[in-house]
$ cat data_19.cif   # mmCIF, C-alpha atoms and all ligand atoms
data_final
loop_
_atom_site.label_atom_id
_atom_site.label_comp_id
_atom_site.auth_asym_id
_atom_site.auth_seq_id
_atom_site.Cartn_x
_atom_site.Cartn_y
_atom_site.Cartn_z
CA MET X 27 -13.50 14.90 -8.02
CA ARG X 28 -14.71 14.53 -4.47
CA ILE X 29 -11.71 14.26 -2.18
CA GLY X 30 -11.73 12.38 1.11
CA VAL X 31 -9.47 10.78 3.67
CA HIS X 32 -9.50 7.47 5.48
CA THR X 33 -10.76 8.52 8.92
CA ARG X 34 -11.07 6.73 12.22
CA VAL X 35 -14.54 6.52 13.73
CA SER X 36 -13.34 5.27 17.11
CA PHE X 37 -14.11 8.74 18.56
CA GLY X 38 -17.60 8.63 17.10
CA TYR X 39 -19.14 9.39 13.74
CA ASP X 40 -19.62 13.08 14.60
CA ALA X 41 -15.91 13.46 15.22
CA ALA X 42 -15.16 11.75 11.90
CA VAL X 43 -17.47 14.12 10.01
CA ALA X 44 -15.98 17.12 11.85
CA TYR X 45 -12.46 15.95 10.99
CA ALA X 46 -13.25 15.46 7.30
CA ARG X 47 -14.93 18.87 7.24
CA SER X 48 -11.98 20.57 8.89
CA LEU X 49 -9.80 19.21 6.09
CA GLY X 50 -12.20 20.55 3.47
CA CYS X 51 -13.10 17.01 2.35
CA GLU X 52 -16.20 16.01 0.40
CA SER X 53 -15.90 12.31 1.21
CA LEU X 54 -14.39 9.91 3.74
CA GLN X 55 -13.67 6.23 4.25
CA PHE X 56 -13.64 4.30 7.50
CA PHE X 57 -13.48 0.83 9.06
CA ALA X 58 -16.89 -0.14 10.43
CA GLY X 59 -15.24 -2.57 12.85
CA ASN X 60 -11.78 -3.67 13.92
CA PRO X 61 -10.02 -4.40 10.62
CA LYS X 62 -7.79 -7.02 12.22
CA THR X 63 -10.37 -9.45 13.57
CA TYR X 64 -13.08 -11.73 12.17
CA ARG X 65 -15.42 -10.49 14.89
CA VAL X 66 -18.61 -9.08 13.39
CA SER X 67 -19.46 -5.68 14.91
CA PRO X 68 -23.09 -5.11 15.90
CA ILE X 69 -24.95 -2.61 13.71
CA ASP X 70 -25.87 0.54 15.62
CA THR X 71 -28.84 1.73 13.57
CA PRO X 72 -29.54 5.05 15.36
CA ALA X 73 -25.84 6.04 15.24
CA LEU X 74 -25.56 5.15 11.54
CA GLN X 75 -28.71 7.11 10.71
CA GLN X 76 -27.42 10.13 12.60
CA PHE X 77 -24.12 9.75 10.76
CA ALA X 78 -26.00 9.87 7.45
CA ALA X 79 -27.79 13.07 8.46
CA ALA X 80 -24.55 14.70 9.64
CA ARG X 81 -22.84 13.85 6.33
CA VAL X 82 -25.68 15.30 4.28
CA ALA X 83 -25.51 18.50 6.37
CA ALA X 84 -21.73 18.69 5.88
CA ASN X 85 -21.86 17.74 2.16
CA ILE X 86 -19.68 14.71 2.75
CA GLN X 87 -21.12 12.22 0.27
CA PRO X 88 -20.70 9.59 -1.05
CA VAL X 89 -18.58 7.77 1.53
CA ALA X 90 -17.08 4.30 1.86
CA ILE X 91 -16.60 1.53 4.38
CA HIS X 92 -13.28 -0.31 3.99
CA THR X 93 -13.79 -3.95 5.01
CA SER X 94 -11.51 -5.90 7.34
CA TYR X 95 -8.01 -6.72 6.12
CA LEU X 96 -8.67 -10.34 7.06
CA ILE X 97 -11.26 -10.85 4.34
CA ASN X 98 -10.19 -13.61 1.99
CA LEU X 99 -12.79 -14.85 -0.48
CA ALA X 100 -10.31 -17.07 -2.33
CA SER X 101 -9.09 -19.25 0.53
CA GLU X 102 -9.08 -23.01 0.33
CA ASP X 103 -10.01 -23.00 4.02
CA ALA X 104 -13.83 -22.97 3.92
CA LYS X 105 -13.97 -21.52 7.44
CA ILE X 106 -12.01 -18.45 6.34
CA THR X 107 -14.32 -17.93 3.37
CA VAL X 108 -17.42 -18.26 5.57
CA ASN X 109 -16.05 -15.79 8.15
CA SER X 110 -14.98 -13.39 5.40
CA LEU X 111 -18.41 -13.47 3.83
CA LYS X 112 -20.01 -12.76 7.23
CA LEU X 113 -17.84 -9.66 7.63
CA LEU X 114 -18.54 -8.49 4.10
CA LYS X 115 -22.29 -8.96 4.43
CA ASN X 116 -22.31 -7.17 7.77
CA ASP X 117 -20.56 -4.16 6.24
CA LEU X 118 -23.04 -4.19 3.34
CA LYS X 119 -25.87 -4.17 5.87
CA ALA X 120 -24.31 -1.31 7.83
CA ALA X 121 -23.93 0.59 4.55
CA ALA X 122 -27.61 0.11 3.72
CA VAL X 123 -28.63 1.38 7.18
CA GLY X 124 -26.27 4.34 7.09
CA GLY X 125 -26.77 5.47 3.50
CA ILE X 126 -23.16 4.56 2.69
CA ALA X 127 -22.69 4.16 -1.05
CA TYR X 128 -19.54 2.04 -1.19
CA VAL X 129 -18.22 -1.02 0.62
CA ASN X 130 -14.62 -1.36 -0.52
CA THR X 131 -12.95 -4.73 -0.09
CA HIS X 132 -9.76 -6.62 -0.85
CA LEU X 133 -10.51 -10.00 -2.40
CA GLY X 134 -7.81 -12.08 -0.72
CA SER X 135 -5.19 -14.56 -1.79
CA TYR X 136 -5.29 -17.85 -3.69
CA GLY X 137 -2.60 -19.20 -1.38
CA THR X 138 -1.36 -22.56 -2.63
CA ARG X 139 -4.57 -23.12 -4.55
CA GLU X 140 -4.91 -23.36 -8.31
CA ARG X 141 -5.95 -20.00 -9.60
CA ALA X 142 -9.11 -21.36 -11.30
CA ALA X 143 -10.44 -22.85 -8.06
CA GLY X 144 -9.71 -19.66 -6.13
CA PHE X 145 -11.28 -17.55 -8.85
CA ALA X 146 -14.47 -19.64 -8.72
CA SER X 147 -14.56 -19.29 -4.95
CA VAL X 148 -14.31 -15.47 -5.18
CA VAL X 149 -17.04 -15.38 -7.84
CA ALA X 150 -19.37 -17.52 -5.69
CA ALA X 151 -18.73 -15.40 -2.58
CA LEU X 152 -19.27 -12.10 -4.39
CA GLN X 153 -22.46 -13.42 -5.99
CA ASP X 154 -23.71 -14.47 -2.56
CA ALA X 155 -22.91 -11.02 -1.10
CA LEU X 156 -24.53 -9.25 -4.05
CA ASP X 157 -27.71 -11.35 -3.78
CA GLY X 158 -29.03 -9.41 -0.82
CA ILE X 159 -27.43 -6.03 -1.58
CA ALA X 160 -29.47 -2.83 -1.10
CA PRO X 161 -30.05 -0.86 -4.33
CA GLY X 162 -28.07 2.19 -3.18
CA VAL X 163 -25.00 0.24 -2.08
CA ALA X 164 -22.12 -0.90 -4.28
CA LEU X 165 -19.73 -3.72 -3.46
CA VAL X 166 -16.39 -2.29 -4.57
CA MET X 167 -13.41 -4.55 -5.37
CA GLU X 168 -10.05 -2.88 -4.73
CA ASN X 169 -7.13 -3.71 -6.99
CA SER X 170 -4.18 -5.27 -5.16
CA ALA X 171 -0.41 -4.86 -5.41
CA GLY X 172 -0.44 -8.30 -7.00
CA ALA X 173 2.04 -9.92 -4.64
CA GLY X 174 2.37 -13.68 -4.88
CA GLN X 175 -1.08 -15.15 -5.11
CA LEU X 176 -3.08 -11.98 -4.32
CA CYS X 177 -6.34 -11.64 -6.28
CA GLY X 178 -7.13 -8.57 -8.31
CA GLY X 179 -3.58 -7.50 -9.06
CA THR X 180 -4.25 -7.04 -12.75
CA ILE X 181 -6.95 -5.06 -14.51
CA GLU X 182 -7.57 -8.13 -16.68
CA GLU X 183 -8.39 -10.22 -13.62
CA LEU X 184 -10.75 -7.57 -12.23
CA GLY X 185 -12.37 -7.52 -15.67
CA ALA X 186 -12.79 -11.29 -15.52
CA PHE X 187 -14.61 -10.94 -12.16
CA VAL X 188 -16.85 -8.21 -13.55
CA ARG X 189 -17.78 -10.33 -16.57
CA ALA X 190 -18.26 -13.57 -14.59
CA ILE X 191 -20.52 -11.88 -12.04
CA ASP X 192 -22.23 -9.32 -14.29
CA HIS X 193 -23.98 -7.37 -11.53
CA PRO X 194 -24.56 -3.59 -11.68
CA ASN X 195 -23.75 -3.15 -7.99
CA LEU X 196 -20.31 -4.72 -8.37
CA ARG X 197 -17.86 -1.85 -8.82
CA VAL X 198 -14.13 -1.21 -8.73
CA CYS X 199 -11.74 0.97 -6.73
CA LEU X 200 -8.27 1.64 -8.11
CA ASP X 201 -5.57 2.32 -5.54
CA THR X 202 -2.73 4.23 -7.21
CA ALA X 203 -0.04 2.74 -4.94
CA HIS X 204 -1.27 -0.80 -5.66
CA THR X 205 -1.53 0.01 -9.37
CA TRP X 206 2.12 1.10 -9.40
CA ALA X 207 3.27 -1.88 -7.33
CA ALA X 208 1.41 -4.18 -9.73
CA GLY X 209 3.57 -2.84 -12.56
CA TYR X 210 1.51 -0.11 -14.23
CA ALA X 211 3.71 2.96 -14.81
CA ILE X 212 1.30 5.77 -13.93
CA ASP X 213 4.03 8.35 -13.30
CA THR X 214 3.76 9.99 -16.75
CA GLN X 215 0.92 11.19 -18.97
CA ASP X 216 1.69 8.43 -21.47
CA GLY X 217 1.62 5.76 -18.81
CA VAL X 218 -1.61 7.10 -17.30
CA GLU X 219 -3.28 7.12 -20.73
CA ARG X 220 -2.16 3.56 -21.45
CA PHE X 221 -3.42 2.46 -18.04
CA PHE X 222 -6.85 4.03 -18.47
CA ASP X 223 -7.14 2.60 -22.01
CA LEU X 224 -6.72 -0.83 -20.43
CA VAL X 225 -9.27 0.03 -17.69
CA GLU X 226 -11.73 1.19 -20.34
CA ARG X 227 -11.24 -2.00 -22.36
CA GLU X 228 -11.41 -4.45 -19.45
CA LEU X 229 -13.83 -2.79 -17.04
CA GLY X 230 -15.37 0.27 -18.66
CA LEU X 231 -14.57 3.58 -16.98
CA ASP X 232 -18.07 3.72 -15.43
CA ARG X 233 -17.40 0.55 -13.47
CA VAL X 234 -14.73 2.39 -11.47
CA VAL X 235 -16.46 4.52 -8.84
CA MET X 236 -13.62 5.30 -6.49
CA PHE X 237 -9.87 5.80 -6.29
CA HIS X 238 -7.42 5.53 -3.45
CA PHE X 239 -4.85 8.23 -4.04
CA ASN X 240 -1.58 7.16 -2.44
CA ASP X 241 1.96 7.69 -3.58
CA THR X 242 4.51 4.96 -2.91
CA GLN X 243 8.25 4.42 -2.56
CA ILE X 244 8.13 0.83 -3.83
CA GLU X 245 9.80 0.23 -7.18
CA LEU X 246 7.53 -0.24 -10.23
CA GLY X 247 6.15 -3.78 -10.18
CA GLY X 248 7.57 -4.32 -6.69
CA HIS X 249 4.31 -6.00 -5.56
CA ARG X 250 4.51 -4.48 -2.10
CA ASP X 251 1.75 -2.48 -0.48
CA ARG X 252 3.29 0.61 1.08
CA HIS X 253 1.59 3.98 0.89
CA TRP X 254 3.43 7.30 0.90
CA HIS X 255 2.66 11.02 0.82
CA ILE X 256 1.19 12.49 -2.39
CA GLY X 257 3.91 13.76 -4.72
CA GLU X 258 6.71 12.49 -2.48
CA GLY X 259 7.03 9.02 -4.00
CA ARG X 260 7.61 7.28 -7.32
CA ILE X 261 4.26 8.29 -8.85
CA GLY X 262 5.11 11.88 -8.04
CA ILE X 263 3.41 15.16 -8.87
CA GLU X 264 3.63 14.52 -12.61
CA GLY X 265 1.82 11.21 -12.23
CA PHE X 266 -0.96 12.66 -10.09
CA ARG X 267 -1.28 15.64 -12.44
CA ALA X 268 -1.90 13.24 -15.34
CA ILE X 269 -4.29 11.09 -13.28
CA VAL X 270 -6.52 13.96 -12.10
CA ALA X 271 -6.67 15.39 -15.64
CA HIS X 272 -7.92 12.10 -17.11
CA PRO X 273 -11.63 11.81 -18.02
CA GLY X 274 -11.76 8.46 -16.17
CA VAL X 275 -11.57 10.10 -12.75
CA GLN X 276 -13.93 13.06 -13.27
CA GLY X 277 -16.80 13.31 -10.78
CA LYS X 278 -15.55 10.32 -8.80
CA VAL X 279 -14.36 9.90 -5.23
CA ALA X 280 -10.66 9.88 -4.33
CA ILE X 281 -9.71 8.77 -0.81
CA LEU X 282 -6.27 9.42 0.62
CA GLU X 283 -4.83 6.55 2.66
CA THR X 284 -1.49 8.22 3.20
CA PRO X 285 0.40 7.57 6.45
CA GLY X 286 0.81 9.85 9.45
CA GLU X 287 -1.26 12.20 11.56
CA GLU X 288 -3.44 15.25 11.03
CA GLU X 289 -0.62 17.50 9.79
CA ASP X 290 0.26 14.88 7.16
CA ASP X 291 -3.39 14.67 6.06
CA ARG X 292 -3.47 18.47 5.74
CA ARG X 293 -0.29 18.52 3.69
CA ASN X 294 -1.44 15.69 1.41
CA ILE X 295 -4.85 17.30 0.84
CA ALA X 296 -3.17 20.65 0.11
CA THR X 297 -0.81 18.99 -2.39
CA LEU X 298 -3.70 17.24 -4.10
CA ARG X 299 -5.78 20.44 -4.23
CA ALA X 300 -2.85 22.26 -5.83
CA VAL X 301 -2.51 19.47 -8.41
CA LEU X 302 -6.27 19.61 -9.11
CA GLU X 303 -6.18 23.39 -9.53
CA GLY X 304 -3.18 23.08 -11.84
CA ALA X 305 -5.04 20.51 -13.94
CA ALA X 306 -8.13 22.72 -14.13
CA ALA X 307 -6.13 25.80 -15.15
ZN ZN C 1 -7.50 -1.29 0.81
ZN ZN C 2 -6.32 1.32 -0.90
#
$ encode --input "data_19.cif" --output "structure tokens"
Amino acid sequence: MRIGVHTRVSFGYDAAVAYARSLGCESLQFFAGNPKTYRVSPIDTPALQQFAAARVAANIQPVAIHTSYLINLASEDAKITVNSLKLLKNDLKAAAVGGIAYVNTHLGSYGTRERAAGFASVVAALQDALDGIAPGVALVMENSAGAGQLCGGTIEELGAFVRAIDHPNLRVCLDTAHTWAAGYAIDTQDGVERFFDLVERELGLDRVVMFHFNDTQIELGGHRDRHWHIGEGRIGIEGFRAIVAHPGVQGKVAILETPGEEEDDRRNIATLRAVLEGAAA
């Protein structure tokens, strides 16, 4: 696997690459703009191209943009969908300029809408975004914790999107904390095998290009999105040991989105490395 962390780029792309390198990472993920606004950030072509060169030099590839948390492709409010699509397309454009392989996005919430109408809206928006996508960029749907009307909380629903859209550049990211909160017991080898059997059946393992490795303190099926340190939550060391040993994750990117500061990142990476070494032994 290629391990990375979610990194801020507010101190510049060079600082982000240096930080990932200092942690011994082979990947990273970042927000290309402010994740809490609908404002579209201008694309700084020279900076993104320099970022690409710095990553190649540091062997930090492939990397991901995480889109704004405000993106909702399922909303009944047309204005929200239009603004969401603008943000998504802008990140896809930035990715094409900067040689960034993955644009990871949440899909949004159906709200009070009938699921079928919301589903159709997400399909139309994703098709629109994929229409102009650069060949080397993948639009990556992240599974959700499945709270209330959130889209993408089940592997079956992600599979339905994949089949309805049928585009090679549409890919999937599985966040372990969301997976657990959605009710999939990935804390044992048995549970992990059952989960990946479902992923294989509904999506195909190749469709999944990236993982978010987060532990969580939420109860199984608790439908809440709260990340915790690797091995210190309900998924635990045993769960992560089974996950990293599974063929479905081999050669793919795993990004840590665990809370805290640099020392926490170091500890989480060290824990994950130890788990990986244990699995390889
Ligand atoms: Zn996310
Ligand atoms: Zn995530």
$ atom_distance --input "data_19.cif" --atom1 "atom CA of X:Glu219" --atom2 "atom CA of X:Phe145"
28.5 Å
$ residues_near_ligand --input "data_19.cif" --ligand "ligand ZN 1 (chain C)" --cutoff "7 Å" --atoms "all atoms listed in the file" --output "list in words"
His92, Thr131, His132 and Glu168 of chain X
$ write_last_selection --input "data_19.cif" --atoms "C-alpha atoms" --output "PDB file, keeping the file's coordinate frame"
ATOM      1  CA  HIS X  92     -13.280  -0.310   3.990  1.00  0.00           C
ATOM      2  CA  THR X 131     -12.950  -4.730  -0.090  1.00  0.00           C
ATOM      3  CA  HIS X 132      -9.760  -6.620  -0.850  1.00  0.00           C
ATOM      4  CA  GLU X 168     -10.050  -2.880  -4.730  1.00  0.00           C
TER       5      GLU X 168
END
$ residues_near_ligand --input "data_19.cif" --ligand "ligand ZN 2 (chain C)" --cutoff "7 Å" --atoms "all atoms listed in the file" --output "PyMOL selection string"
chain X and resi 168+201+238+283
$ residues_around --input "data_19.cif" --residues "X:Lys115" --least-positions-apart "5" --cutoff "12 Å" --atoms "only C-alpha atoms" --output "number ranges by chain"
X: 58, 66-67, 69, 91, 93-94, 97, 108-110, 120-122, 129-131, 151-160, 163-165
$ residues_near_point --input "data_19.cif" --point "(-7.5, 15.6, -5.0)" --cutoff "8 Å" --atoms "all atoms listed in the file" --output "PyMOL selection string"
chain X and resi 27-29+239+270+280+295+297-299+301-302
$ decode --input "data_19.cif" --residues "stretch 216-242 of chain X" --atoms "N, CA and C atoms" --output "JSON list (two decimals), in the first residue's frame"
[["chain", "number", "residue", "atom", "x", "y", "z"],
["X", 216, "ASP", "N", -13.09, -12.27, 9.84],
["X", 216, "ASP", "CA", -14.35, -12.72, 9.24],
["X", 216, "ASP", "C", -15.15, -11.57, 8.67],
["X", 217, "GLY", "N", -15.29, -10.54, 9.48],
["X", 217, "GLY", "CA", -16.07, -9.37, 9.08],
["X", 217, "GLY", "C", -15.44, -8.68, 7.88],
["X", 218, "VAL", "N", -14.12, -8.57, 7.90],
["X", 218, "VAL", "CA", -13.40, -7.92, 6.79],
["X", 218, "VAL", "C", -13.59, -8.73, 5.51],
["X", 219, "GLU", "N", -13.53, -10.05, 5.62],
["X", 219, "GLU", "CA", -13.72, -10.89, 4.42],
["X", 219, "GLU", "C", -15.13, -10.75, 3.87],
["X", 220, "ARG", "N", -16.11, -10.77, 4.79],
["X", 220, "ARG", "CA", -17.51, -10.59, 4.34],
["X", 220, "ARG", "C", -17.69, -9.24, 3.65],
["X", 221, "PHE", "N", -17.07, -8.21, 4.23],
["X", 221, "PHE", "CA", -17.21, -6.86, 3.67],
["X", 221, "PHE", "C", -16.61, -6.82, 2.26],
["X", 222, "PHE", "N", -15.39, -7.34, 2.11],
["X", 222, "PHE", "CA", -14.76, -7.27, 0.79],
["X", 222, "PHE", "C", -15.45, -8.18, -0.24],
["X", 223, "ASP", "N", -16.09, -9.27, 0.23],
["X", 223, "ASP", "CA", -16.88, -10.09, -0.70],
["X", 223, "ASP", "C", -18.02, -9.25, -1.28],
["X", 224, "LEU", "N", -18.64, -8.45, -0.42],
["X", 224, "LEU", "CA", -19.72, -7.57, -0.86],
["X", 224, "LEU", "C", -19.18, -6.51, -1.83],
["X", 225, "VAL", "N", -18.02, -5.93, -1.49],
["X", 225, "VAL", "CA", -17.39, -4.91, -2.36],
["X", 225, "VAL", "C", -17.10, -5.53, -3.73],
["X", 226, "GLU", "N", -16.55, -6.73, -3.72],
["X", 226, "GLU", "CA", -16.22, -7.41, -4.98],
["X", 226, "GLU", "C", -17.47, -7.63, -5.83],
["X", 227, "ARG", "N", -18.56, -8.06, -5.15],
["X", 227, "ARG", "CA", -19.81, -8.36, -5.86],
["X", 227, "ARG", "C", -20.46, -7.09, -6.42],
["X", 228, "GLU", "N", -20.47, -6.04, -5.61],
["X", 228, "GLU", "CA", -21.22, -4.82, -5.99],
["X", 228, "GLU", "C", -20.40, -3.84, -6.84],
["X", 229, "LEU", "N", -19.10, -3.76, -6.57],
["X", 229, "LEU", "CA", -18.29, -2.74, -7.23],
["X", 229, "LEU", "C", -17.18, -3.34, -8.08],
["X", 230, "GLY", "N", -16.68, -4.50, -7.66],
["X", 230, "GLY", "CA", -15.43, -5.02, -8.22],
["X", 230, "GLY", "C", -14.29, -4.36, -7.45],
["X", 231, "LEU", "N", -13.33, -5.16, -7.01],
["X", 231, "LEU", "CA", -12.25, -4.61, -6.18],
["X", 231, "LEU", "C", -11.45, -3.55, -6.93],
["X", 232, "ASP", "N", -11.35, -3.66, -8.26],
["X", 232, "ASP", "CA", -10.56, -2.71, -9.05],
["X", 232, "ASP", "C", -11.17, -1.31, -9.05],
["X", 233, "ARG", "N", -12.48, -1.24, -8.80],
["X", 233, "ARG", "CA", -13.16, 0.05, -8.81],
["X", 233, "ARG", "C", -12.72, 0.90, -7.62],
["X", 234, "VAL", "N", -12.28, 0.24, -6.57],
["X", 234, "VAL", "CA", -11.84, 0.94, -5.35],
["X", 234, "VAL", "C", -10.36, 1.28, -5.50],
["X", 235, "VAL", "N", -10.06, 2.58, -5.54],
["X", 235, "VAL", "CA", -8.66, 2.98, -5.77],
["X", 235, "VAL", "C", -8.01, 3.53, -4.50],
["X", 236, "MET", "N", -8.84, 3.84, -3.52],
["X", 236, "MET", "CA", -8.28, 4.52, -2.35],
["X", 236, "MET", "C", -9.07, 4.16, -1.11],
["X", 237, "PHE", "N", -8.38, 4.23, 0.03],
["X", 237, "PHE", "CA", -9.01, 4.01, 1.33],
["X", 237, "PHE", "C", -8.71, 5.20, 2.22],
["X", 238, "HIS", "N", -9.63, 5.50, 3.10],
["X", 238, "HIS", "CA", -9.33, 6.40, 4.21],
["X", 238, "HIS", "C", -9.24, 5.50, 5.43],
["X", 239, "PHE", "N", -8.06, 5.44, 6.02],
["X", 239, "PHE", "CA", -7.87, 4.61, 7.21],
["X", 239, "PHE", "C", -8.06, 5.47, 8.46],
["X", 240, "ASN", "N", -9.19, 5.29, 9.09],
["X", 240, "ASN", "CA", -9.50, 5.98, 10.34],
["X", 240, "ASN", "C", -10.13, 4.98, 11.28],
["X", 241, "ASP", "N", -9.75, 5.01, 12.53],
["X", 241, "ASP", "CA", -10.48, 4.23, 13.53],
["X", 241, "ASP", "C", -11.63, 5.11, 14.02],
["X", 242, "THR", "N", -12.48, 4.58, 14.86],
["X", 242, "THR", "CA", -13.63, 5.36, 15.32],
["X", 242, "THR", "C", -14.11, 4.84, 16.67]]
